[in-house]
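Visitor: My structure is in model29.cif, and what it holds is mmCIF, N, CA and C atoms:
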```cif
data_data
#
loop_
_atom_site.label_atom_id
_atom_site.label_comp_id
_atom_site.auth_asym_id
_atom_site.auth_seq_id
_atom_site.Cartn_x
_atom_site.Cartn_y
_atom_site.Cartn_z
N MET B 1 -68.45 47.47 6.59
CA MET B 1 -69.02 47.15 5.34
C MET B 1 -68.84 45.65 5.11
N SER B 2 -69.93 44.93 5.02
CA SER B 2 -69.84 43.49 4.77
C SER B 2 -70.47 43.17 3.43
N GLU B 3 -69.82 42.22 2.75
CA GLU B 3 -70.33 41.81 1.44
C GLU B 3 -70.90 40.41 1.55
N ASP B 4 -72.03 40.16 0.88
CA ASP B 4 -72.65 38.85 0.89
C ASP B 4 -72.13 37.95 -0.23
N LYS B 5 -71.34 38.49 -1.09
CA LYS B 5 -70.83 37.71 -2.22
C LYS B 5 -69.68 36.82 -1.77
N GLU B 6 -69.62 35.62 -2.36
CA GLU B 6 -68.50 34.73 -2.06
C GLU B 6 -67.32 35.13 -2.93
N SER B 7 -66.16 34.87 -2.41
CA SER B 7 -64.98 35.21 -3.20
C SER B 7 -64.86 34.22 -4.36
N PRO B 8 -64.30 34.64 -5.48
CA PRO B 8 -64.17 33.76 -6.63
C PRO B 8 -63.28 32.56 -6.33
N GLU B 9 -62.33 32.71 -5.41
CA GLU B 9 -61.46 31.60 -5.07
C GLU B 9 -62.22 30.49 -4.35
N SER B 10 -63.14 30.85 -3.48
CA SER B 10 -63.90 29.83 -2.75
C SER B 10 -64.86 29.08 -3.68
N THR B 11 -65.42 29.74 -4.67
CA THR B 11 -66.29 29.04 -5.62
C THR B 11 -65.50 28.11 -6.50
N LYS B 12 -64.27 28.48 -6.83
CA LYS B 12 -63.41 27.59 -7.62
C LYS B 12 -63.12 26.32 -6.85
N VAL B 13 -62.81 26.46 -5.56
CA VAL B 13 -62.50 25.31 -4.73
C VAL B 13 -63.71 24.40 -4.61
N GLU B 14 -64.88 24.98 -4.38
CA GLU B 14 -66.10 24.18 -4.25
C GLU B 14 -66.43 23.45 -5.55
N SER B 15 -66.28 24.14 -6.68
CA SER B 15 -66.61 23.50 -7.95
C SER B 15 -65.61 22.40 -8.27
N ILE B 16 -64.37 22.55 -7.91
CA ILE B 16 -63.38 21.50 -8.11
C ILE B 16 -63.71 20.30 -7.23
N LEU B 17 -64.12 20.56 -5.98
CA LEU B 17 -64.52 19.47 -5.08
C LEU B 17 -65.74 18.73 -5.62
N ASP B 18 -66.68 19.48 -6.20
CA ASP B 18 -67.85 18.84 -6.79
C ASP B 18 -67.45 17.92 -7.94
N LEU B 19 -66.53 18.38 -8.77
CA LEU B 19 -66.07 17.55 -9.89
C LEU B 19 -65.37 16.30 -9.40
N VAL B 20 -64.59 16.42 -8.34
CA VAL B 20 -63.88 15.26 -7.79
C VAL B 20 -64.87 14.23 -7.25
N THR B 21 -65.89 14.68 -6.53
CA THR B 21 -66.87 13.72 -5.99
C THR B 21 -67.68 13.07 -7.10
N GLU B 22 -68.00 13.83 -8.17
CA GLU B 22 -68.71 13.23 -9.30
C GLU B 22 -67.84 12.18 -9.98
N ALA B 23 -66.56 12.44 -10.11
CA ALA B 23 -65.65 11.48 -10.73
C ALA B 23 -65.52 10.23 -9.87
N GLU B 24 -65.47 10.40 -8.54
CA GLU B 24 -65.41 9.24 -7.65
C GLU B 24 -66.67 8.39 -7.76
N GLU B 25 -67.83 9.04 -7.86
CA GLU B 25 -69.08 8.31 -8.02
C GLU B 25 -69.09 7.51 -9.32
N ALA B 26 -68.57 8.10 -10.39
CA ALA B 26 -68.53 7.41 -11.68
C ALA B 26 -67.61 6.19 -11.60
N VAL B 27 -66.50 6.32 -10.91
CA VAL B 27 -65.57 5.19 -10.76
C VAL B 27 -66.21 4.10 -9.92
N ASN B 28 -66.89 4.46 -8.85
CA ASN B 28 -67.52 3.48 -7.97
C ASN B 28 -68.70 2.77 -8.63
N SER B 29 -69.34 3.40 -9.62
CA SER B 29 -70.49 2.79 -10.27
C SER B 29 -70.09 1.81 -11.36
N ARG B 30 -68.83 1.79 -11.73
CA ARG B 30 -68.36 0.87 -12.76
C ARG B 30 -68.33 -0.55 -12.23
N ILE B 31 -68.42 -1.51 -13.17
CA ILE B 31 -68.36 -2.92 -12.77
C ILE B 31 -66.90 -3.36 -12.74
N SER B 32 -66.65 -4.39 -11.99
CA SER B 32 -65.29 -4.90 -11.90
C SER B 32 -64.96 -5.72 -13.13
N PHE B 33 -63.69 -6.02 -13.32
CA PHE B 33 -63.25 -6.78 -14.49
C PHE B 33 -63.86 -8.18 -14.49
N GLU B 34 -64.02 -8.79 -13.32
CA GLU B 34 -64.58 -10.13 -13.24
C GLU B 34 -66.05 -10.15 -13.66
N GLU B 35 -66.76 -9.04 -13.42
CA GLU B 35 -68.17 -8.96 -13.76
C GLU B 35 -68.40 -8.59 -15.23
N PHE B 36 -67.38 -8.07 -15.90
CA PHE B 36 -67.51 -7.62 -17.28
C PHE B 36 -67.66 -8.80 -18.22
N THR B 37 -68.61 -8.70 -19.15
CA THR B 37 -68.82 -9.73 -20.16
C THR B 37 -68.78 -9.07 -21.52
N ASP B 38 -67.88 -9.54 -22.37
CA ASP B 38 -67.77 -9.02 -23.71
C ASP B 38 -68.98 -9.50 -24.52
N GLU B 39 -69.60 -8.60 -25.22
CA GLU B 39 -70.80 -8.90 -26.01
C GLU B 39 -70.52 -9.98 -27.05
N ARG B 40 -69.31 -10.03 -27.56
CA ARG B 40 -68.96 -11.03 -28.58
C ARG B 40 -69.04 -12.45 -28.07
N LEU B 41 -68.91 -12.66 -26.77
CA LEU B 41 -69.02 -13.99 -26.19
C LEU B 41 -70.46 -14.49 -26.17
N LEU B 42 -71.42 -13.60 -26.30
CA LEU B 42 -72.83 -13.95 -26.20
C LEU B 42 -73.53 -14.04 -27.55
N ILE B 43 -72.88 -13.60 -28.62
CA ILE B 43 -73.51 -13.55 -29.93
C ILE B 43 -72.89 -14.60 -30.84
N SER B 44 -73.76 -15.42 -31.47
CA SER B 44 -73.27 -16.38 -32.46
C SER B 44 -73.77 -15.94 -33.83
N HIS B 45 -73.09 -16.40 -34.87
CA HIS B 45 -73.43 -16.06 -36.24
C HIS B 45 -73.82 -17.31 -37.01
N ASP B 46 -74.66 -17.13 -38.02
CA ASP B 46 -74.99 -18.27 -38.87
C ASP B 46 -73.82 -18.55 -39.81
N SER B 47 -73.93 -19.61 -40.59
CA SER B 47 -72.80 -20.04 -41.43
C SER B 47 -72.46 -19.04 -42.53
N THR B 48 -73.43 -18.25 -42.97
CA THR B 48 -73.17 -17.27 -44.03
C THR B 48 -72.79 -15.90 -43.48
N GLY B 49 -72.92 -15.71 -42.19
CA GLY B 49 -72.58 -14.44 -41.58
C GLY B 49 -73.64 -13.36 -41.77
N ASN B 50 -74.86 -13.76 -42.12
CA ASN B 50 -75.94 -12.80 -42.35
C ASN B 50 -76.82 -12.57 -41.13
N LYS B 51 -76.72 -13.43 -40.13
CA LYS B 51 -77.57 -13.33 -38.95
C LYS B 51 -76.74 -13.44 -37.68
N GLN B 52 -77.23 -12.79 -36.63
CA GLN B 52 -76.65 -12.90 -35.30
C GLN B 52 -77.73 -13.41 -34.36
N MET B 53 -77.32 -14.23 -33.39
CA MET B 53 -78.28 -14.77 -32.44
C MET B 53 -77.76 -14.57 -31.02
N LYS B 54 -78.71 -14.27 -30.14
CA LYS B 54 -78.42 -14.11 -28.73
C LYS B 54 -79.51 -14.84 -27.96
N ILE B 55 -79.14 -15.60 -26.92
CA ILE B 55 -80.12 -16.38 -26.16
C ILE B 55 -80.11 -15.93 -24.71
N LYS B 56 -81.28 -15.52 -24.22
CA LYS B 56 -81.45 -15.11 -22.83
C LYS B 56 -82.20 -16.21 -22.09
N VAL B 57 -81.73 -16.53 -20.90
CA VAL B 57 -82.37 -17.55 -20.06
C VAL B 57 -83.55 -16.90 -19.34
N LEU B 58 -84.73 -17.48 -19.53
CA LEU B 58 -85.92 -16.96 -18.86
C LEU B 58 -86.31 -17.78 -17.65
N GLU B 59 -86.11 -19.09 -17.73
CA GLU B 59 -86.51 -19.97 -16.62
C GLU B 59 -85.54 -21.14 -16.53
N VAL B 60 -85.19 -21.46 -15.30
CA VAL B 60 -84.27 -22.57 -15.02
C VAL B 60 -85.00 -23.58 -14.16
N SER B 61 -84.82 -24.87 -14.46
CA SER B 61 -85.42 -25.93 -13.67
C SER B 61 -84.69 -26.04 -12.33
N ASP B 62 -85.41 -26.43 -11.29
CA ASP B 62 -84.78 -26.58 -9.98
C ASP B 62 -84.28 -28.01 -9.76
N GLU B 63 -84.20 -28.79 -10.82
CA GLU B 63 -83.72 -30.17 -10.76
C GLU B 63 -82.22 -30.19 -10.44
N ASN B 64 -81.81 -31.14 -9.60
CA ASN B 64 -80.40 -31.25 -9.23
C ASN B 64 -79.60 -31.91 -10.34
N THR B 65 -78.34 -31.53 -10.44
CA THR B 65 -77.44 -32.11 -11.43
C THR B 65 -77.18 -33.57 -11.09
N PRO B 66 -77.32 -34.50 -12.05
CA PRO B 66 -77.12 -35.92 -11.74
C PRO B 66 -75.69 -36.27 -11.33
N SER B 67 -74.70 -35.76 -12.02
CA SER B 67 -73.30 -36.11 -11.72
C SER B 67 -72.48 -34.84 -11.55
N LYS B 68 -72.66 -34.17 -10.45
CA LYS B 68 -71.96 -32.92 -10.21
C LYS B 68 -70.45 -33.13 -10.16
N TRP B 69 -70.03 -34.23 -9.61
CA TRP B 69 -68.59 -34.48 -9.47
C TRP B 69 -67.93 -34.70 -10.83
N LYS B 70 -68.67 -35.17 -11.81
CA LYS B 70 -68.09 -35.46 -13.12
C LYS B 70 -68.20 -34.28 -14.08
N PHE B 71 -69.36 -33.61 -14.09
CA PHE B 71 -69.60 -32.56 -15.07
C PHE B 71 -69.55 -31.15 -14.49
N GLY B 72 -69.42 -31.00 -13.19
CA GLY B 72 -69.40 -29.69 -12.57
C GLY B 72 -70.79 -29.12 -12.36
N ASP B 73 -70.84 -27.86 -11.97
CA ASP B 73 -72.13 -27.19 -11.73
C ASP B 73 -72.81 -26.93 -13.07
N ARG B 74 -73.98 -27.50 -13.22
CA ARG B 74 -74.77 -27.28 -14.43
C ARG B 74 -76.20 -26.94 -14.02
N VAL B 75 -76.88 -26.24 -14.91
CA VAL B 75 -78.28 -25.91 -14.69
C VAL B 75 -79.10 -26.42 -15.87
N LYS B 76 -80.32 -26.81 -15.58
CA LYS B 76 -81.22 -27.29 -16.62
C LYS B 76 -82.14 -26.15 -17.02
N ILE B 77 -82.01 -25.70 -18.24
CA ILE B 77 -82.76 -24.54 -18.72
C ILE B 77 -84.12 -24.99 -19.24
N SER B 78 -85.17 -24.29 -18.84
CA SER B 78 -86.53 -24.63 -19.26
C SER B 78 -87.05 -23.72 -20.36
N LYS B 79 -86.86 -22.40 -20.20
CA LYS B 79 -87.36 -21.43 -21.18
C LYS B 79 -86.27 -20.45 -21.57
N ILE B 80 -86.25 -20.11 -22.86
CA ILE B 80 -85.27 -19.15 -23.36
C ILE B 80 -85.95 -18.13 -24.26
N LEU B 81 -85.32 -17.00 -24.42
CA LEU B 81 -85.75 -15.97 -25.36
C LEU B 81 -84.65 -15.84 -26.40
N ILE B 82 -84.99 -16.11 -27.65
CA ILE B 82 -84.00 -16.04 -28.73
C ILE B 82 -84.21 -14.75 -29.50
N THR B 83 -83.13 -14.01 -29.70
CA THR B 83 -83.16 -12.78 -30.48
C THR B 83 -82.26 -12.98 -31.69
N ILE B 84 -82.83 -12.85 -32.87
CA ILE B 84 -82.06 -13.00 -34.11
C ILE B 84 -82.09 -11.67 -34.85
N LYS B 85 -80.90 -11.21 -35.23
CA LYS B 85 -80.79 -9.95 -35.97
C LYS B 85 -80.29 -10.27 -37.38
N HIS B 86 -81.03 -9.84 -38.38
CA HIS B 86 -80.63 -10.00 -39.77
C HIS B 86 -79.73 -8.82 -40.11
N LEU B 87 -78.48 -9.08 -40.43
CA LEU B 87 -77.50 -8.01 -40.61
C LEU B 87 -77.73 -7.21 -41.89
N ASP B 88 -78.27 -7.84 -42.95
CA ASP B 88 -78.47 -7.09 -44.19
C ASP B 88 -79.64 -6.13 -44.10
N THR B 89 -80.70 -6.49 -43.38
CA THR B 89 -81.88 -5.62 -43.28
C THR B 89 -82.01 -4.94 -41.92
N GLN B 90 -81.20 -5.31 -40.95
CA GLN B 90 -81.25 -4.79 -39.57
C GLN B 90 -82.57 -5.12 -38.88
N MET B 91 -83.30 -6.12 -39.40
CA MET B 91 -84.55 -6.55 -38.78
C MET B 91 -84.22 -7.47 -37.60
N VAL B 92 -84.99 -7.33 -36.52
CA VAL B 92 -84.76 -8.13 -35.32
C VAL B 92 -86.01 -8.98 -35.06
N GLU B 93 -85.77 -10.28 -34.83
CA GLU B 93 -86.86 -11.20 -34.49
C GLU B 93 -86.61 -11.73 -33.09
N GLU B 94 -87.69 -11.87 -32.32
CA GLU B 94 -87.60 -12.46 -30.98
C GLU B 94 -88.66 -13.53 -30.84
N ALA B 95 -88.29 -14.61 -30.16
CA ALA B 95 -89.24 -15.68 -29.91
C ALA B 95 -88.89 -16.36 -28.59
N GLU B 96 -89.92 -16.71 -27.85
CA GLU B 96 -89.73 -17.42 -26.59
C GLU B 96 -89.95 -18.90 -26.85
N PHE B 97 -89.03 -19.73 -26.36
CA PHE B 97 -89.12 -21.17 -26.55
C PHE B 97 -89.15 -21.87 -25.21
N ASP B 98 -90.08 -22.79 -25.06
CA ASP B 98 -90.14 -23.67 -23.91
C ASP B 98 -89.38 -24.93 -24.31
N ILE B 99 -88.14 -25.03 -23.91
CA ILE B 99 -87.28 -26.14 -24.35
C ILE B 99 -87.81 -27.46 -23.83
N GLU B 100 -88.38 -27.46 -22.67
CA GLU B 100 -88.93 -28.68 -22.10
C GLU B 100 -90.07 -29.22 -22.97
N GLU B 101 -90.93 -28.34 -23.43
CA GLU B 101 -92.04 -28.73 -24.30
C GLU B 101 -91.53 -29.20 -25.66
N ILE B 102 -90.54 -28.53 -26.19
CA ILE B 102 -89.96 -28.93 -27.48
C ILE B 102 -89.32 -30.30 -27.37
N GLU B 103 -88.68 -30.57 -26.24
CA GLU B 103 -88.05 -31.87 -26.02
C GLU B 103 -89.11 -32.98 -25.99
N ARG B 104 -90.25 -32.71 -25.34
CA ARG B 104 -91.35 -33.69 -25.32
C ARG B 104 -91.92 -33.91 -26.72
N GLU B 105 -92.08 -32.83 -27.47
CA GLU B 105 -92.61 -32.92 -28.83
C GLU B 105 -91.66 -33.72 -29.73
N LEU B 106 -90.37 -33.53 -29.57
CA LEU B 106 -89.39 -34.27 -30.36
C LEU B 106 -89.44 -35.75 -30.04
N ALA B 107 -89.59 -36.10 -28.78
CA ALA B 107 -89.69 -37.50 -28.38
C ALA B 107 -90.94 -38.14 -28.96
N GLU B 108 -92.03 -37.39 -29.01
CA GLU B 108 -93.30 -37.91 -29.52
C GLU B 108 -93.26 -38.08 -31.04
N LYS B 109 -92.80 -37.06 -31.75
CA LYS B 109 -92.84 -37.08 -33.22
C LYS B 109 -91.70 -37.86 -33.84
N ARG B 110 -90.50 -37.74 -33.29
CA ARG B 110 -89.33 -38.34 -33.92
C ARG B 110 -88.77 -39.52 -33.15
N HIS B 111 -89.41 -39.86 -32.04
CA HIS B 111 -88.96 -40.97 -31.19
C HIS B 111 -87.49 -40.81 -30.78
N TYR B 112 -87.16 -39.60 -30.41
CA TYR B 112 -85.79 -39.27 -30.03
C TYR B 112 -85.86 -38.29 -28.87
N THR B 113 -84.97 -38.45 -27.92
CA THR B 113 -84.88 -37.48 -26.83
C THR B 113 -83.44 -37.02 -26.70
N SER B 114 -83.27 -35.88 -26.09
CA SER B 114 -81.93 -35.35 -25.89
C SER B 114 -81.83 -34.71 -24.51
N THR B 115 -80.63 -34.48 -24.10
CA THR B 115 -80.38 -33.80 -22.83
C THR B 115 -79.62 -32.51 -23.10
N ASN B 116 -80.04 -31.79 -24.11
CA ASN B 116 -79.36 -30.57 -24.52
C ASN B 116 -79.60 -29.38 -23.60
N ARG B 117 -80.45 -29.56 -22.62
CA ARG B 117 -80.82 -28.42 -21.77
C ARG B 117 -79.85 -28.16 -20.63
N TRP B 118 -78.92 -29.06 -20.40
CA TRP B 118 -77.95 -28.88 -19.31
C TRP B 118 -76.81 -27.99 -19.79
N VAL B 119 -76.62 -26.89 -19.09
CA VAL B 119 -75.58 -25.91 -19.44
C VAL B 119 -74.75 -25.62 -18.19
N PRO B 120 -73.41 -25.59 -18.31
CA PRO B 120 -72.60 -25.22 -17.15
C PRO B 120 -72.98 -23.83 -16.62
N ALA B 121 -73.05 -23.70 -15.33
CA ALA B 121 -73.48 -22.44 -14.70
C ALA B 121 -72.55 -21.29 -15.06
N ASN B 122 -71.27 -21.57 -15.25
CA ASN B 122 -70.34 -20.49 -15.57
C ASN B 122 -70.43 -20.04 -17.03
N GLU B 123 -71.25 -20.71 -17.86
CA GLU B 123 -71.46 -20.31 -19.25
C GLU B 123 -72.67 -19.40 -19.41
N ILE B 124 -73.28 -19.03 -18.30
CA ILE B 124 -74.39 -18.07 -18.31
C ILE B 124 -73.87 -16.77 -17.73
N LYS B 125 -73.84 -15.75 -18.56
CA LYS B 125 -73.29 -14.45 -18.17
C LYS B 125 -74.38 -13.39 -18.27
N ASN B 126 -74.65 -12.71 -17.18
CA ASN B 126 -75.66 -11.64 -17.13
C ASN B 126 -77.01 -12.11 -17.66
N GLY B 127 -77.35 -13.37 -17.45
CA GLY B 127 -78.63 -13.90 -17.89
C GLY B 127 -78.63 -14.42 -19.32
N TYR B 128 -77.52 -14.32 -20.03
CA TYR B 128 -77.41 -14.79 -21.40
C TYR B 128 -76.48 -15.99 -21.47
N VAL B 129 -76.79 -16.91 -22.40
CA VAL B 129 -75.97 -18.11 -22.59
C VAL B 129 -74.83 -17.76 -23.54
N SER B 130 -73.63 -18.24 -23.24
CA SER B 130 -72.50 -17.97 -24.13
C SER B 130 -72.71 -18.69 -25.45
N ARG B 131 -72.10 -18.15 -26.49
CA ARG B 131 -72.35 -18.63 -27.85
C ARG B 131 -71.97 -20.08 -28.08
N THR B 132 -71.09 -20.64 -27.27
CA THR B 132 -70.67 -22.02 -27.47
C THR B 132 -71.80 -23.01 -27.20
N PHE B 133 -72.84 -22.60 -26.49
CA PHE B 133 -73.96 -23.48 -26.17
C PHE B 133 -75.23 -23.15 -26.94
N HIS B 134 -75.19 -22.21 -27.87
CA HIS B 134 -76.37 -21.84 -28.64
C HIS B 134 -76.88 -23.02 -29.48
N THR B 135 -75.99 -23.66 -30.20
CA THR B 135 -76.39 -24.78 -31.07
C THR B 135 -77.01 -25.90 -30.26
N ARG B 136 -76.44 -26.18 -29.11
CA ARG B 136 -76.97 -27.24 -28.25
C ARG B 136 -78.39 -26.94 -27.80
N LEU B 137 -78.66 -25.68 -27.45
CA LEU B 137 -79.99 -25.32 -26.95
C LEU B 137 -81.06 -25.27 -28.04
N ILE B 138 -80.68 -24.92 -29.27
CA ILE B 138 -81.70 -24.79 -30.32
C ILE B 138 -81.76 -26.01 -31.23
N SER B 139 -80.97 -27.04 -30.99
CA SER B 139 -80.93 -28.19 -31.91
C SER B 139 -82.27 -28.91 -32.00
N ASP B 140 -82.97 -29.09 -30.90
CA ASP B 140 -84.28 -29.75 -30.93
C ASP B 140 -85.30 -28.89 -31.69
N ALA B 141 -85.29 -27.59 -31.45
CA ALA B 141 -86.22 -26.69 -32.15
C ALA B 141 -85.90 -26.66 -33.64
N ALA B 142 -84.63 -26.73 -34.00
CA ALA B 142 -84.26 -26.76 -35.41
C ALA B 142 -84.67 -28.07 -36.05
N ALA B 143 -84.57 -29.19 -35.31
CA ALA B 143 -84.97 -30.49 -35.84
C ALA B 143 -86.46 -30.53 -36.12
N LEU B 144 -87.24 -29.79 -35.38
CA LEU B 144 -88.69 -29.72 -35.59
C LEU B 144 -89.10 -28.55 -36.48
N ASP B 145 -88.14 -27.86 -37.04
CA ASP B 145 -88.35 -26.70 -37.91
C ASP B 145 -89.09 -25.56 -37.22
N HIS B 146 -88.92 -25.42 -35.92
CA HIS B 146 -89.46 -24.26 -35.21
C HIS B 146 -88.60 -23.04 -35.42
N ILE B 147 -87.31 -23.27 -35.72
CA ILE B 147 -86.37 -22.18 -35.91
C ILE B 147 -85.43 -22.54 -37.06
N VAL B 148 -85.12 -21.56 -37.86
CA VAL B 148 -84.14 -21.74 -38.95
C VAL B 148 -83.06 -20.70 -38.72
N PHE B 149 -81.86 -21.19 -38.52
CA PHE B 149 -80.75 -20.27 -38.28
C PHE B 149 -79.54 -20.72 -39.06
#
```
Step by step, read the file and then write its structure as structure tokens.

Guide:
Amino acid sequence: MSEDKESPESTKVESILDLVTEAEEAVNSRISFEEFTDERLLISHDSTGNKQMKIKVLEVSDENTPSKWKFGDRVKISKILITIKHLDTQMVEEAEFDIEEIERELAEKRHYTSTNRWVPANEIKNGYVSRTFHTRLISDAAALDHIVF
């Protein structure tokens, strides 16, 4: 007399093994501590605390850094995507800015130029600029009233 049913003990062992392999896969899919970026490092707030801003790098210039030995590895950012969240209404605004074009417009209209587009490479995390460089990147656009933050 032979039975085709599996014993309950063998199914328990198989299901436990399945759980162990699923847990190992979950651990292996996690990012390392060095790759982790805290969201708070990427978000800046306005002076009243009513808005949050996040800047994503869309395009980087291939121009070489003029003084690498003095300032370290830096990249010249050409285009950015700015996301502003109004905390009181939860409304989100997004706008793409060509910083290179804004810099040319500022030189033409205000007879002033800046080099605000150079950002240290280590201040760009997961494609986003850290909050310490937000003001530097949007200063020309704010001077021309393209953005109010």

Visitor: What residues come out when you apply the PyMOL selection byres ((chain B and resi 82) around 6) to this file, written as a PDB file with N, CA and C atoms, in the coordinates of the input?

Guide:
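Produced file part_21.pdb, reproduced below:
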```pdb
ATOM      1  N   LYS B  54     -78.710 -14.270 -30.140  1.00  0.00           N
ATOM      2  CA  LYS B  54     -78.420 -14.110 -28.730  1.00  0.00           C
ATOM      3  C   LYS B  54     -79.510 -14.840 -27.960  1.00  0.00           C
ATOM      4  N   ILE B  55     -79.140 -15.600 -26.920  1.00  0.00           N
ATOM      5  CA  ILE B  55     -80.120 -16.380 -26.160  1.00  0.00           C
ATOM      6  C   ILE B  55     -80.110 -15.930 -24.710  1.00  0.00           C
ATOM      7  N   LYS B  56     -81.280 -15.520 -24.220  1.00  0.00           N
ATOM      8  CA  LYS B  56     -81.450 -15.110 -22.830  1.00  0.00           C
ATOM      9  C   LYS B  56     -82.200 -16.210 -22.090  1.00  0.00           C
ATOM     10  N   ILE B  80     -86.250 -20.110 -22.860  1.00  0.00           N
ATOM     11  CA  ILE B  80     -85.270 -19.150 -23.360  1.00  0.00           C
ATOM     12  C   ILE B  80     -85.950 -18.130 -24.260  1.00  0.00           C
ATOM     13  N   LEU B  81     -85.320 -17.000 -24.420  1.00  0.00           N
ATOM     14  CA  LEU B  81     -85.750 -15.970 -25.360  1.00  0.00           C
ATOM     15  C   LEU B  81     -84.650 -15.840 -26.400  1.00  0.00           C
ATOM     16  N   THR B  83     -83.130 -14.010 -29.700  1.00  0.00           N
ATOM     17  CA  THR B  83     -83.160 -12.780 -30.480  1.00  0.00           C
ATOM     18  C   THR B  83     -82.260 -12.980 -31.690  1.00  0.00           C
ATOM     19  N   ILE B  84     -82.830 -12.850 -32.870  1.00  0.00           N
ATOM     20  CA  ILE B  84     -82.060 -13.000 -34.110  1.00  0.00           C
ATOM     21  C   ILE B  84     -82.090 -11.670 -34.850  1.00  0.00           C
ATOM     22  N   GLU B  93     -85.770 -10.280 -34.830  1.00  0.00           N
ATOM     23  CA  GLU B  93     -86.860 -11.200 -34.490  1.00  0.00           C
ATOM     24  C   GLU B  93     -86.610 -11.730 -33.090  1.00  0.00           C
ATOM     25  N   GLU B  94     -87.690 -11.870 -32.320  1.00  0.00           N
ATOM     26  CA  GLU B  94     -87.600 -12.460 -30.980  1.00  0.00           C
ATOM     27  C   GLU B  94     -88.660 -13.530 -30.840  1.00  0.00           C
ATOM     28  N   ALA B  95     -88.290 -14.610 -30.160  1.00  0.00           N
ATOM     29  CA  ALA B  95     -89.240 -15.680 -29.910  1.00  0.00           C
ATOM     30  C   ALA B  95     -88.890 -16.360 -28.590  1.00  0.00           C
ATOM     31  N   GLU B  96     -89.920 -16.710 -27.850  1.00  0.00           N
ATOM     32  CA  GLU B  96     -89.730 -17.420 -26.590  1.00  0.00           C
ATOM     33  C   GLU B  96     -89.950 -18.900 -26.850  1.00  0.00           C
ATOM     34  N   PHE B  97     -89.030 -19.730 -26.360  1.00  0.00           N
ATOM     35  CA  PHE B  97     -89.120 -21.170 -26.550  1.00  0.00           C
ATOM     36  C   PHE B  97     -89.150 -21.870 -25.210  1.00  0.00           C
TER      37      PHE B  97
END
```

Visitor: What does the PyMOL selection byres (((chain B and resi 101-108 and name CA) around 12) and name CA) select in this file, as a VMD selection string?

Guide: chain B and resid 77 to 80 96 to 100 109 to 117 137 to 147

Visitor: I'd like the interatomic distance between atom N of Val75 (chain B) and atom C of Ile43 (chain B), to a tenth of an Å.

Guide: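 It comes out at 20.1 Å.
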
Visitor: Go ahead and compute the interatomic distance for CA of Val57 (chain B) and atom C of Tyr128 (chain B), in Å to one decimal.

Guide: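 Distance between the two atoms: 6.3 Å.
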
Visitor: Between B:Leu41, B:Val60, B:Leu87, B:Trp118, which one has atoms that come closest to Arg136 (chain B), using only N, CA and C atoms?

Guide: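 For Arg136 (chain B), the nearest of the given residues is B:Trp118.
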
Visitor: Of the candidates B:Thr48, B:Arg40, B:Pro120, B:Lys85, which one gets nearest to Gly72 (chain B) if we count only N, CA and C atoms?

Guide: B:Pro120

Visitor: Work out how far atom N of Gln90 (chain B) is from atom C of Asp38 (chain B), in Å to one decimal.

Guide: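 Taking atom C of Asp38 (chain B) as the start and atom N of Gln90 (chain B) as the end point, the length is 20.9 Å.
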
Visitor: Using only C-alpha atoms, which residue out of B:Gln52, B:Asn64, B:Ser44, B:Thr89 lies closest to His134 (chain B)?

Guide: B:Ser44

Visitor: Enclose region 36-48 of chain B, meaning all of its atoms listed in the file, in a box aligned along x, y and z, pad it by 6 Å on each side, and list the centre and edge lengths in Å to one decimal, as JSON.

Guide:
```
{"center_x": -71.2, "center_y": -13.8, "center_z": -30.0, "size_x": 19.6, "size_y": 24.4, "size_z": 40.1}
```

Visitor: Run DSSP on the backbone and tell me which residues of region 95-138 of chain B come out as alpha helix (DSSP H); list them as a ChimeraX atom specification.

Guide: /B:99-110,134-138

Visitor: Would you fill the gaps in region 140-146 of chain B so it has N, CA, C and O atoms, then print it as a PDB file, keeping the file's coordinate frame?

Guide:
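This went into result_33.pdb:
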```pdb
ATOM      1  N   ASP B 140     -82.970 -29.090 -30.900  1.00  0.00           N
ATOM      2  CA  ASP B 140     -84.280 -29.750 -30.930  1.00  0.00           C
ATOM      3  C   ASP B 140     -85.300 -28.890 -31.690  1.00  0.00           C
ATOM      4  O   ASP B 140     -86.089 -29.403 -32.487  1.00  0.00           O
ATOM      5  N   ALA B 141     -85.290 -27.590 -31.450  1.00  0.00           N
ATOM      6  CA  ALA B 141     -86.220 -26.690 -32.150  1.00  0.00           C
ATOM      7  C   ALA B 141     -85.900 -26.660 -33.640  1.00  0.00           C
ATOM      8  O   ALA B 141     -86.817 -26.610 -34.469  1.00  0.00           O
ATOM      9  N   ALA B 142     -84.630 -26.730 -34.000  1.00  0.00           N
ATOM     10  CA  ALA B 142     -84.260 -26.760 -35.410  1.00  0.00           C
ATOM     11  C   ALA B 142     -84.670 -28.070 -36.050  1.00  0.00           C
ATOM     12  O   ALA B 142     -85.084 -28.097 -37.213  1.00  0.00           O
ATOM     13  N   ALA B 143     -84.570 -29.190 -35.310  1.00  0.00           N
ATOM     14  CA  ALA B 143     -84.970 -30.490 -35.840  1.00  0.00           C
ATOM     15  C   ALA B 143     -86.460 -30.530 -36.120  1.00  0.00           C
ATOM     16  O   ALA B 143     -86.897 -31.224 -37.048  1.00  0.00           O
ATOM     17  N   LEU B 144     -87.240 -29.790 -35.380  1.00  0.00           N
ATOM     18  CA  LEU B 144     -88.690 -29.720 -35.590  1.00  0.00           C
ATOM     19  C   LEU B 144     -89.100 -28.550 -36.480  1.00  0.00           C
ATOM     20  O   LEU B 144     -90.279 -28.265 -36.623  1.00  0.00           O
ATOM     21  N   ASP B 145     -88.140 -27.860 -37.040  1.00  0.00           N
ATOM     22  CA  ASP B 145     -88.350 -26.700 -37.910  1.00  0.00           C
ATOM     23  C   ASP B 145     -89.090 -25.560 -37.220  1.00  0.00           C
ATOM     24  O   ASP B 145     -89.817 -24.805 -37.862  1.00  0.00           O
ATOM     25  N   HIS B 146     -88.920 -25.420 -35.920  1.00  0.00           N
ATOM     26  CA  HIS B 146     -89.460 -24.260 -35.210  1.00  0.00           C
ATOM     27  C   HIS B 146     -88.600 -23.040 -35.420  1.00  0.00           C
ATOM     28  O   HIS B 146     -89.064 -21.908 -35.319  1.00  0.00           O
TER      29      HIS B 146
END
```
